[in-house]
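Novice: Sharing target.cif, mmCIF, C-alpha atoms (C1' of nucleotides):
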```
data_target
loop_
_atom_site.label_atom_id
_atom_site.label_comp_id
_atom_site.auth_asym_id
_atom_site.auth_seq_id
_atom_site.Cartn_x
_atom_site.Cartn_y
_atom_site.Cartn_z
CA MET M 1 14.48 -22.90 1.83
CA ASP M 2 11.47 -22.54 -0.43
CA ALA M 3 7.98 -23.91 0.13
CA LYS M 4 8.55 -26.83 -2.25
CA THR M 5 11.52 -28.15 -0.28
CA LEU M 6 9.69 -27.65 3.00
CA CYS M 7 6.78 -29.73 1.70
CA LEU M 8 9.17 -32.47 0.56
CA GLY M 9 10.64 -32.47 4.05
CA VAL M 10 7.28 -32.94 5.71
CA LEU M 11 6.24 -35.62 3.22
CA SER M 12 9.47 -37.55 3.85
CA ARG M 13 8.03 -38.36 7.27
CA GLY M 14 4.90 -39.87 5.71
CA ALA M 15 2.09 -39.14 3.23
CA ALA M 16 -0.14 -36.19 4.09
CA SER M 17 -2.72 -33.79 2.71
CA GLY M 18 -2.11 -30.07 2.27
CA TYR M 19 -4.10 -29.39 5.40
CA GLU M 20 -1.99 -31.86 7.39
CA ILE M 21 1.21 -30.27 6.08
CA LYS M 22 -0.01 -26.91 7.34
CA LYS M 23 -0.65 -28.45 10.76
CA ALA M 24 2.86 -29.92 10.72
CA PHE M 25 4.23 -26.38 10.44
CA GLU M 26 2.04 -25.20 13.29
CA GLU M 27 2.57 -28.03 15.76
CA GLY M 28 5.12 -30.46 14.37
CA PRO M 29 8.88 -30.72 14.74
CA PHE M 30 9.54 -27.88 12.25
CA SER M 31 7.18 -25.44 13.91
CA HIS M 32 9.76 -23.46 15.86
CA PHE M 33 12.07 -22.68 12.93
CA HIS M 34 9.94 -22.64 9.80
CA GLN M 35 6.48 -21.50 8.76
CA ALA M 36 4.32 -22.05 5.71
CA SER M 37 0.85 -20.85 4.86
CA PHE M 38 -1.86 -22.30 2.59
CA GLY M 39 -0.97 -19.69 0.02
CA SER M 40 2.48 -21.21 -0.35
CA ILE M 41 1.76 -24.89 0.39
CA TYR M 42 -0.93 -25.59 -2.21
CA PRO M 43 0.88 -23.95 -5.15
CA ALA M 44 4.05 -25.77 -4.07
CA LEU M 45 2.22 -29.13 -4.03
CA ASN M 46 0.80 -28.47 -7.50
CA ALA M 47 4.25 -27.66 -8.84
CA LEU M 48 5.78 -30.72 -7.16
CA SER M 49 3.04 -32.88 -8.62
CA ALA M 50 3.58 -31.46 -12.11
CA ASP M 51 7.29 -32.24 -11.82
CA GLY M 52 6.68 -35.79 -10.62
CA LEU M 53 8.28 -35.24 -7.22
CA VAL M 54 5.11 -36.18 -5.35
CA ALA M 55 2.24 -38.54 -6.16
CA VAL M 56 -1.37 -37.61 -5.47
CA ARG M 57 -4.09 -39.97 -4.38
CA ALA M 58 -7.59 -38.51 -4.08
CA GLN M 59 -9.47 -39.95 -1.14
CA ALA M 60 -13.21 -39.32 -1.20
CA GLN M 61 -14.83 -38.47 2.09
CA GLN M 62 -18.41 -38.38 3.26
CA LYS M 63 -19.83 -34.88 2.86
CA ARG M 64 -16.43 -33.23 2.78
CA PRO M 65 -14.15 -32.07 0.00
CA ALA M 66 -12.09 -34.98 -1.30
CA LYS M 67 -8.81 -35.17 0.55
CA LYS M 68 -5.74 -35.22 -1.67
CA ILE M 69 -3.05 -37.37 -0.10
CA TYR M 70 0.42 -36.46 -1.30
CA SER M 71 3.35 -38.83 -1.02
CA LEU M 72 7.01 -38.62 -1.96
CA THR M 73 8.18 -40.32 -5.17
CA PRO M 74 11.76 -41.63 -5.49
CA LYS M 75 12.46 -38.60 -7.66
CA GLY M 76 11.10 -36.38 -4.93
CA ARG M 77 13.27 -38.05 -2.30
CA ASN M 78 16.34 -37.38 -4.44
CA ALA M 79 15.32 -33.75 -4.86
CA LEU M 80 15.01 -33.39 -1.09
CA LEU M 81 18.45 -34.91 -0.50
CA ALA M 82 19.94 -32.58 -3.12
CA ALA M 83 18.35 -29.57 -1.42
CA LEU M 84 19.73 -30.70 1.95
CA MET M 85 23.24 -30.64 0.48
CA ALA M 86 23.00 -26.93 -0.38
CA THR M 87 24.81 -24.52 1.92
CA PRO M 88 22.32 -22.96 4.33
CA GLY M 89 22.15 -19.19 4.59
CA PRO M 90 22.11 -17.39 7.92
CA ASP M 91 19.10 -17.73 10.20
CA ALA M 92 16.51 -14.98 10.18
CA VAL M 93 14.60 -13.88 13.25
CA ARG M 94 11.63 -11.54 13.20
CA SER M 95 10.52 -10.28 16.57
CA ASP M 96 8.07 -7.45 16.85
CA LEU M 97 8.33 -7.77 20.63
CA LEU M 98 12.06 -7.01 20.67
CA PHE M 99 11.53 -4.10 18.28
CA ILE M 100 8.93 -2.66 20.65
CA LEU M 101 11.06 -3.30 23.73
CA SER M 102 13.94 -1.44 22.07
CA PHE M 103 11.88 1.67 22.73
CA ALA M 104 10.84 0.67 26.25
CA GLN M 105 11.74 4.08 27.68
CA HIS M 106 9.01 5.64 25.53
CA LEU M 107 6.29 3.23 26.70
CA PRO M 108 4.23 2.95 29.88
CA PRO M 109 6.17 0.73 32.32
CA ALA M 110 3.03 -1.26 33.12
CA ARG M 111 2.68 -2.19 29.48
CA VAL M 112 6.31 -3.21 29.18
CA GLY M 113 5.85 -5.47 32.21
CA GLN M 114 2.75 -7.03 30.70
CA LEU M 115 4.44 -7.70 27.38
CA ILE M 116 7.40 -9.39 29.06
CA ASN M 117 5.21 -11.43 31.41
CA ALA M 118 3.06 -12.62 28.53
CA ARG M 119 6.11 -13.68 26.54
CA ILE M 120 7.61 -15.54 29.50
CA ALA M 121 4.33 -17.45 29.87
CA TRP M 122 4.34 -18.26 26.16
CA TYR M 123 7.89 -19.59 26.30
CA ARG M 124 7.11 -21.71 29.38
CA GLU M 125 4.06 -23.17 27.65
CA MET M 126 6.04 -24.02 24.53
CA LEU M 127 8.80 -25.57 26.66
CA ALA M 128 6.31 -27.76 28.52
CA ARG M 129 4.87 -28.94 25.21
CA MET M 130 8.26 -29.60 23.63
CA GLU M 131 9.69 -31.36 26.68
CA GLY M 132 6.54 -33.33 27.37
CA CYS M 133 5.54 -35.07 24.19
CA ASP M 134 8.18 -36.61 22.02
CA TYR M 135 6.95 -36.14 18.47
CA THR M 136 10.17 -37.18 16.82
CA ALA M 137 10.23 -40.44 14.92
CA PRO M 138 12.43 -43.31 16.10
CA ASN M 139 15.90 -43.40 14.56
CA ALA M 140 15.79 -39.68 13.89
CA PRO M 141 18.78 -38.32 15.83
CA GLY M 142 18.71 -35.18 13.66
CA ALA M 143 15.20 -34.30 14.76
CA ASP M 144 16.11 -34.97 18.40
CA PHE M 145 19.15 -32.72 18.10
CA VAL M 146 17.10 -29.89 16.61
CA ARG M 147 14.38 -30.31 19.22
CA GLY M 148 16.98 -30.06 21.98
CA MET M 149 18.35 -26.90 20.39
CA GLY M 150 14.88 -25.35 20.33
CA ILE M 151 14.38 -26.16 24.00
CA ALA M 152 17.80 -24.74 24.95
CA VAL M 153 17.17 -21.48 23.11
CA TYR M 154 13.63 -21.00 24.40
CA ARG M 155 14.78 -21.68 27.96
CA ALA M 156 17.57 -19.12 27.63
CA ALA M 157 15.10 -16.54 26.29
CA ALA M 158 12.57 -17.14 29.09
CA ASP M 159 15.29 -17.07 31.75
CA TYR M 160 16.71 -13.81 30.42
CA LEU M 161 13.32 -12.13 30.42
CA GLU M 162 12.64 -13.29 33.98
CA ARG M 163 16.04 -12.25 35.33
CA HIS M 164 16.15 -8.79 33.71
CA ARG M 165 12.51 -7.70 33.71
CA ASP M 166 12.62 -5.87 37.02
CA GLU M 167 15.90 -4.20 36.17
CA LEU M 168 14.41 -2.78 32.96
CA LEU M 169 11.25 -1.65 34.72
CA ALA M 170 13.30 0.14 37.37
CA GLN M 171 15.30 1.93 34.67
CA ILE M 172 12.24 3.21 32.85
CA GLY M 173 10.50 4.32 36.00
CA GLY M 174 8.26 1.41 36.85
CA ASP M 175 8.41 0.12 40.40
CA GLY M 176 7.86 -3.49 39.38
CA LEU M 177 4.65 -3.74 41.37
CA GLU M 178 2.06 -2.32 39.05
CA VAL M 179 2.76 -4.98 36.44
CA ALA M 180 1.14 -7.69 38.52
CA GLU M 181 -1.98 -8.83 36.70
CA MET N 1 5.92 -4.93 11.82
CA ASP N 2 5.91 -3.51 8.33
CA ALA N 3 8.77 -1.77 6.55
CA LYS N 4 7.33 1.69 7.21
CA THR N 5 7.33 1.24 10.99
CA LEU N 6 10.81 -0.28 10.85
CA CYS N 7 12.09 2.79 9.00
CA LEU N 8 10.44 5.10 11.53
CA GLY N 9 12.19 3.17 14.28
CA VAL N 10 15.60 3.60 12.70
CA LEU N 11 14.98 7.28 11.97
CA SER N 12 13.96 7.90 15.59
CA ARG N 13 17.64 7.37 16.44
CA GLY N 14 18.69 10.09 14.01
CA ALA N 15 18.34 11.24 10.40
CA ALA N 16 19.62 8.83 7.76
CA SER N 17 19.56 7.99 4.07
CA GLY N 18 17.97 4.87 2.65
CA TYR N 19 21.37 3.32 2.27
CA GLU N 20 22.22 4.01 5.91
CA ILE N 21 18.90 2.53 7.01
CA LYS N 22 19.77 -0.65 5.15
CA LYS N 23 23.12 -0.75 6.95
CA ALA N 24 21.34 -0.28 10.28
CA PHE N 25 19.44 -3.50 9.60
CA GLU N 26 22.65 -5.31 8.72
CA GLU N 27 24.89 -4.11 11.53
CA GLY N 28 22.89 -1.96 13.94
CA PRO N 29 20.95 -2.78 17.11
CA PHE N 30 18.00 -4.24 15.18
CA SER N 31 20.09 -6.54 13.03
CA HIS N 32 19.56 -9.73 15.02
CA PHE N 33 15.76 -9.61 15.09
CA HIS N 34 14.64 -7.74 11.97
CA GLN N 35 15.67 -7.44 8.33
CA ALA N 36 14.78 -5.08 5.52
CA SER N 37 15.90 -4.93 1.91
CA PHE N 38 16.15 -2.03 -0.54
CA GLY N 39 13.02 -3.30 -2.23
CA SER N 40 11.04 -2.57 0.92
CA ILE N 41 12.96 0.40 2.35
CA TYR N 42 12.79 2.79 -0.61
CA PRO N 43 9.06 2.34 -1.31
CA ALA N 44 8.42 2.68 2.44
CA LEU N 45 10.36 5.96 2.60
CA ASN N 46 8.41 7.31 -0.39
CA ALA N 47 5.12 6.41 1.25
CA LEU N 48 6.20 7.92 4.59
CA SER N 49 7.27 11.08 2.79
CA ALA N 50 3.95 11.32 0.94
CA ASP N 51 2.12 10.99 4.27
CA GLY N 52 4.26 13.63 5.95
CA LEU N 53 5.73 11.23 8.50
CA VAL N 54 9.29 11.93 7.39
CA ALA N 55 10.99 15.00 5.88
CA VAL N 56 13.48 14.69 3.03
CA ARG N 57 16.53 16.85 2.50
CA ALA N 58 18.52 16.22 -0.69
CA GLN N 59 22.24 16.52 -0.10
CA ALA N 60 24.33 16.86 -3.25
CA GLN N 61 27.63 15.01 -3.31
CA GLN N 62 30.67 15.25 -5.51
CA LYS N 63 30.42 12.76 -8.34
CA ARG N 64 27.93 10.58 -6.51
CA PRO N 65 24.15 10.30 -6.61
CA ALA N 66 22.56 12.89 -4.41
CA LYS N 67 21.97 11.51 -0.94
CA LYS N 68 18.45 11.91 0.39
CA ILE N 69 18.52 12.43 4.13
CA TYR N 70 15.29 11.42 5.82
CA SER N 71 14.29 12.64 9.27
CA LEU N 72 11.31 12.03 11.51
CA THR N 73 8.57 14.67 11.71
CA PRO N 74 6.46 15.12 14.89
CA LYS N 75 3.65 13.35 13.02
CA GLY N 76 6.03 10.50 12.24
CA ARG N 77 7.11 10.23 15.86
CA ASN N 78 3.48 9.92 16.91
CA ALA N 79 2.90 7.24 14.29
CA LEU N 80 5.87 5.27 15.63
CA LEU N 81 4.59 5.50 19.22
CA ALA N 82 1.15 4.35 18.08
CA ALA N 83 2.68 1.36 16.29
CA LEU N 84 4.67 0.48 19.41
CA MET N 85 1.42 0.27 21.38
CA ALA N 86 0.03 -2.48 19.11
CA THR N 87 0.10 -6.01 20.48
CA PRO N 88 3.08 -7.86 18.99
CA GLY N 89 2.50 -11.18 17.28
CA PRO N 90 4.63 -14.24 17.99
CA ASP N 91 8.26 -14.27 16.92
CA ALA N 92 9.17 -16.02 13.68
CA VAL N 93 12.39 -17.92 13.15
CA ARG N 94 13.60 -19.20 9.79
CA SER N 95 16.52 -21.54 9.95
CA ASP N 96 17.57 -23.53 6.93
CA LEU N 97 20.36 -25.02 9.03
CA LEU N 98 17.96 -26.57 11.55
CA PHE N 99 15.80 -27.86 8.71
CA ILE N 100 18.83 -29.55 7.17
CA LEU N 101 20.03 -30.90 10.53
CA SER N 102 16.58 -32.43 11.10
CA PHE N 103 17.60 -34.91 8.43
CA ALA N 104 21.15 -35.40 9.72
CA GLN N 105 20.89 -39.19 9.52
CA HIS N 106 20.54 -38.91 5.73
CA LEU N 107 23.64 -36.73 5.31
CA PRO N 108 27.39 -37.45 5.35
CA PRO N 109 28.58 -37.10 8.96
CA ALA N 110 31.55 -35.00 7.85
CA ARG N 111 29.22 -32.47 6.30
CA VAL N 112 27.03 -32.33 9.40
CA GLY N 113 30.13 -31.65 11.47
CA GLN N 114 31.24 -28.89 9.12
CA LEU N 115 27.83 -27.21 9.17
CA ILE N 116 27.72 -27.21 12.97
CA ASN N 117 31.30 -25.99 13.34
CA ALA N 118 30.68 -23.17 10.89
CA ARG N 119 27.58 -22.07 12.77
CA ILE N 120 29.37 -22.16 16.14
CA ALA N 121 32.07 -19.93 14.67
CA TRP N 122 29.44 -17.55 13.31
CA TYR N 123 27.72 -17.31 16.70
CA ARG N 124 31.03 -16.71 18.50
CA GLU N 125 31.88 -13.96 16.03
CA MET N 126 28.52 -12.28 16.47
CA LEU N 127 28.86 -12.55 20.25
CA ALA N 128 32.28 -10.93 20.20
CA ARG N 129 30.91 -8.07 18.12
CA MET N 130 27.83 -7.60 20.27
CA GLU N 131 29.71 -7.80 23.55
CA GLY N 132 32.60 -5.67 22.38
CA CYS N 133 31.20 -2.52 20.89
CA ASP N 134 28.32 -0.83 22.62
CA TYR N 135 26.26 0.64 19.81
CA THR N 136 23.29 1.56 21.96
CA ALA N 137 22.60 5.19 22.62
CA PRO N 138 22.86 6.59 26.17
CA ASN N 139 19.61 6.58 28.12
CA ALA N 140 18.29 3.72 26.04
CA PRO N 141 17.62 0.96 28.59
CA GLY N 142 15.26 -0.71 26.12
CA ALA N 143 18.02 -1.16 23.55
CA ASP N 144 20.39 -2.45 26.25
CA PHE N 145 17.79 -4.97 27.40
CA VAL N 146 17.23 -6.24 23.87
CA ARG N 147 20.95 -6.43 23.20
CA GLY N 148 21.41 -8.51 26.35
CA MET N 149 18.64 -10.82 25.22
CA GLY N 150 20.31 -11.32 21.85
CA ILE N 151 23.59 -12.17 23.56
CA ALA N 152 21.93 -14.61 25.95
CA VAL N 153 20.13 -16.44 23.14
CA TYR N 154 23.14 -16.59 20.81
CA ARG N 155 25.30 -17.90 23.65
CA ALA N 156 22.76 -20.61 24.46
CA ALA N 157 22.64 -21.63 20.81
CA ALA N 158 26.42 -21.79 20.44
CA ASP N 159 26.80 -23.70 23.71
CA TYR N 160 24.16 -26.24 22.69
CA LEU N 161 25.82 -26.87 19.34
CA GLU N 162 29.20 -27.33 21.02
CA ARG N 163 27.93 -29.63 23.75
CA HIS N 164 25.83 -31.90 21.52
CA ARG N 165 27.76 -31.97 18.27
CA ASP N 166 29.81 -35.08 19.04
CA GLU N 167 26.77 -36.91 20.38
CA LEU N 168 24.92 -36.32 17.12
CA LEU N 169 27.90 -37.35 15.02
CA ALA N 170 28.24 -40.55 17.00
CA GLN N 171 24.56 -41.34 16.46
CA ILE N 172 24.74 -40.90 12.70
CA GLY N 173 27.93 -42.88 12.33
CA GLY N 174 30.61 -40.23 12.34
CA ASP N 175 33.52 -40.80 14.69
CA GLY N 176 33.92 -37.14 15.49
CA LEU N 177 37.43 -37.03 14.07
CA GLU N 178 36.93 -36.57 10.37
CA VAL N 179 35.12 -33.29 10.88
CA ALA N 180 38.27 -31.50 11.90
CA GLU N 181 39.06 -28.99 9.18
"C1'" DC I 1 -32.53 -26.00 20.16
"C1'" DT I 2 -30.06 -22.74 18.12
"C1'" DT I 3 -26.07 -20.22 17.85
"C1'" DG I 4 -21.26 -19.99 17.68
"C1'" DA I 5 -16.78 -21.96 17.77
"C1'" DT I 6 -13.65 -25.34 16.15
"C1'" DA I 7 -12.05 -28.65 12.90
"C1'" DT I 8 -11.52 -30.62 8.22
"C1'" DA I 9 -10.22 -29.40 3.31
"C1'" DT I 10 -9.06 -26.67 -0.86
"C1'" DT I 11 -8.61 -22.53 -3.74
"C1'" DA I 12 -8.00 -17.68 -5.00
"C1'" DC I 13 -6.40 -13.04 -4.47
"C1'" DG I 14 -4.29 -8.76 -3.04
"C1'" DA I 15 -0.65 -6.80 -0.48
"C1'" DG I 16 3.83 -6.89 0.77
"C1'" DC I 17 8.66 -8.24 0.93
"C1'" DC I 18 13.15 -10.29 -0.89
"C1'" DG I 19 16.79 -10.84 -4.03
"C1'" DA I 20 18.72 -9.46 -8.11
"C1'" DT I 21 19.74 -6.18 -11.36
"C1'" DA I 22 20.64 -1.59 -13.41
"C1'" DT I 23 22.97 2.76 -13.01
"C1'" DA I 24 27.06 5.67 -11.57
"C1'" DT I 25 31.43 6.54 -9.43
"C1'" DA I 26 35.51 6.46 -6.06
"C1'" DT I 27 38.99 4.04 -3.75
"C1'" DA I 28 41.87 0.41 -2.48
"C1'" DA I 29 43.84 -3.93 -3.22
"C1'" DA I 30 45.67 -7.57 -6.14
"C1'" DT S 1 44.94 -3.03 -14.99
"C1'" DT S 2 41.58 -5.36 -13.25
"C1'" DT S 3 38.85 -6.62 -9.50
"C1'" DA S 4 36.53 -5.95 -5.43
"C1'" DT S 5 34.34 -3.01 -2.20
"C1'" DA S 6 31.81 0.91 -0.80
"C1'" DT S 7 28.51 4.61 -1.60
"C1'" DA S 8 23.73 5.67 -3.34
"C1'" DT S 9 18.99 5.04 -5.40
"C1'" DA S 10 15.37 2.74 -8.10
"C1'" DT S 11 12.80 -1.00 -10.13
"C1'" DC S 12 11.09 -5.52 -11.29
"C1'" DG S 13 9.75 -10.41 -11.05
"C1'" DG S 14 8.78 -13.94 -8.11
"C1'" DC S 15 7.58 -15.71 -3.89
"C1'" DT S 16 5.07 -15.66 0.42
"C1'" DC S 17 1.61 -14.23 3.76
"C1'" DG S 18 -2.80 -13.32 5.49
"C1'" DT S 19 -7.46 -13.31 4.54
"C1'" DA S 20 -11.57 -14.63 2.64
"C1'" DA S 21 -14.64 -17.74 0.09
"C1'" DT S 22 -16.67 -22.31 -0.09
"C1'" DA S 23 -18.65 -26.46 2.19
"C1'" DT S 24 -19.78 -29.37 6.07
"C1'" DA S 25 -19.51 -31.84 10.67
"C1'" DT S 26 -19.18 -31.82 15.51
"C1'" DC S 27 -19.28 -30.05 20.03
"C1'" DA S 28 -20.11 -26.74 23.60
"C1'" DA S 29 -22.52 -22.88 25.41
"C1'" DG S 30 -26.47 -20.22 26.07
#
```
Let's see the structure in the file written out as C-alpha cells.

Specialist:
Amino acid sequence: MDAKTLCLGVLSRGAASGYEIKKAFEEGPFSHFHQASFGSIYPALNALSADGLVAVRAQAQQKRPAKKIYSLTPKGRNALLAALMATPGPDAVRSDLLFILSFAQHLPPARVGQLINARIAWYREMLARMEGCDYTAPNAPGADFVRGMGIAVYRAAADYLERHRDELLAQIGGDGLEVAE
Amino acid sequence: MDAKTLCLGVLSRGAASGYEIKKAFEEGPFSHFHQASFGSIYPALNALSADGLVAVRAQAQQKRPAKKIYSLTPKGRNALLAALMATPGPDAVRSDLLFILSFAQHLPPARVGQLINARIAWYREMLARMEGCDYTAPNAPGADFVRGMGIAVYRAAADYLERHRDELLAQIGGDGLEVAE
DNA sequence: CTTGATATATTACGAGCCGATATATATAAA
DNA sequence: TTTATATATATCGGCTCGTAATATATCAAG
C-alpha cells in the first residue's frame, strides 16, 4: 500500500493538512499497522493534487505558514475504492527487539530483563490507550474490527512476554532478581 | 536494524551464501519479524567484506555461477554483539489487509469474508510449520523464546479473525453464508 | 525573564531498502 | 517441448525514511 493510497484513506475520514495526516499515522486508528513520514506524505499529496484526486484549500493563519487543507474529490474516492479491491500482500513485521532477543544467550541477563520489562510496559500503555478512548467513527464496523484485532494481538504479545520472561532469564543464567529496576 | 547487522546475525549461525541468507529471511527463524531482499543483502555483504567483518570463500560449482560463501570473522562477531547492545526502537507492522478491512463497510461482504478466510488459513499454515519443525539450534534459548512469541501472536491473530468474522459480516450486511468458498 | 521544550506547518535531501530485471543453467513436471 | 522451479549473483529505478532547515507560538522550568 503506497503513500498515496494511505493518504486517500486518511482523507476519506475528513479533510486534513499534511501535518494532521502525519499525526493520524502516529496516534490514529491506522497507527498500529501502518506508518508514513513527511518525506512520503507531502510528495504523495502533491501527486494526488496533480492528478485531481484531492482538492487543496489554502487557509491563512496568523504568523504561521499557511495551512493547506486537503480533501477527497469524487475521483479520489473512486481511486481509494479501487485500491481497496486489490489483493493485499502478506503482512510485514519489523522487530529489532525480537532480533536482539534471538541472541539472548550472548547478552547480559540483566539487560534482557530490562528490554522485556520495557516492552511489556509499552504494550500495556498502548492497550490502555486503545481500550480507553474510542477514536473510531460511528458506523465504521471495519475500523472497530481492526481495532479489536490490534488489542487482541498486543495483549497476546504482552502476556507472552510476562509469562516466559523468567523462564528465559533462568536459561541464560539470570536469577530473575537483578532485573528489578 | 540495517541489512549489514541482519546479515551478521544470520552468519553467526553458520557460513552461508547470499542466496542462502535470503532464504533464511524467507523461511528461517527470523522470517516472521524481519525481511531482506537481494538489493540490500548483496551490497551489505560487499560492505561487510570490505570492512573485514566477514570472510569470503569462492566455491566453484559445475555449470553454475560460483557460490560465494561468507563467514563471520572475530571482528564481525564483535560488531554483531555491539549492535545487539543498542536500544531497539519500537516494532513496525505493515498490514495492507488491516488497512483494507478498516473500510469493510465500503466493500462487498463476500470479498471481506474471502479476505479474512484466506488470512486465517495463512496463519494456520504458518503455525503448523512453526510448531512442527524445530529449526532453532541447540542451546539457543533466545531463538526458542522468540519462536514461542511468534506462535503466540499468530495464534491470537487467527483466533480473533475466526471469532469476529461473522460479527463483522453481519454488521456490513453479509449474512455469513455467501462467503463459503 | 530567559531558556528550553513542545506544538504547528511545510519542504528538501541523502541514505537506504524493495521489487523487478538480467544473466546462466539444471531438473522436474506438464 | 515447454514451462516452472530452484540455484546463484548483480544492478537499477523508484519509493520511503529520518533528519534537518525554516518560521513562530505557547507553556513550563529554572

Novice: Using only C-alpha atoms (C1' of nucleotides), I'd like every residue of chain S that has an atom within 8 Å of chain M; please write them out as number ranges by chain.

Specialist: S: 16-17, 23-24

Novice: Could you please select, counting all atoms listed in the file, the residues of chain M within 9 Å of chain I and state them as a PyMOL selection string?

Specialist: chain M and resi 17-19+39+42+64-68

Novice: Just say which residues the PyMOL selection byres ((chain M) within 7 of (chain N)) picks in this file, as JSON, numbers by chain.

Specialist: {"M": [1, 32, 33, 34, 84, 88, 89, 91, 92, 93, 94, 95, 96, 97, 98, 100, 101, 102, 103, 104, 105, 140, 141, 142, 143, 145, 146, 149, 152, 153, 156, 157, 160, 168, 171]}

Novice: One decimal, in Å: what's the spacing between CA of Ala79 (chain M) and CA of Ala58 (chain M)?

Specialist: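 Computing the Euclidean distance for CA of Ala79 (chain M) and CA of Ala58 (chain M) yields 23.4 Å.
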
Novice: Take CA of Ala44 (chain M) and C1' of DG14 (chain S) and report the distance between them in Å, one decimal.

Specialist: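 Distance between the two atoms: 13.4 Å.
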
Novice: By how many Å are CA of Ala16 (chain M) and CA of Ala128 (chain M) apart?

Specialist: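 Value for the CA of Ala16 (chain M)-CA of Ala128 (chain M) distance: 26.6 Å.
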
Novice: Find the spatial neighbours of Leu11 (chain N), counting all atoms listed in the file, within a cut-off of 8 Å - ignore same-chain residues fewer than 3 positions away - and output them as a PyMOL selection string.

Specialist: chain N and resi 7-8+14-16+21+70-72
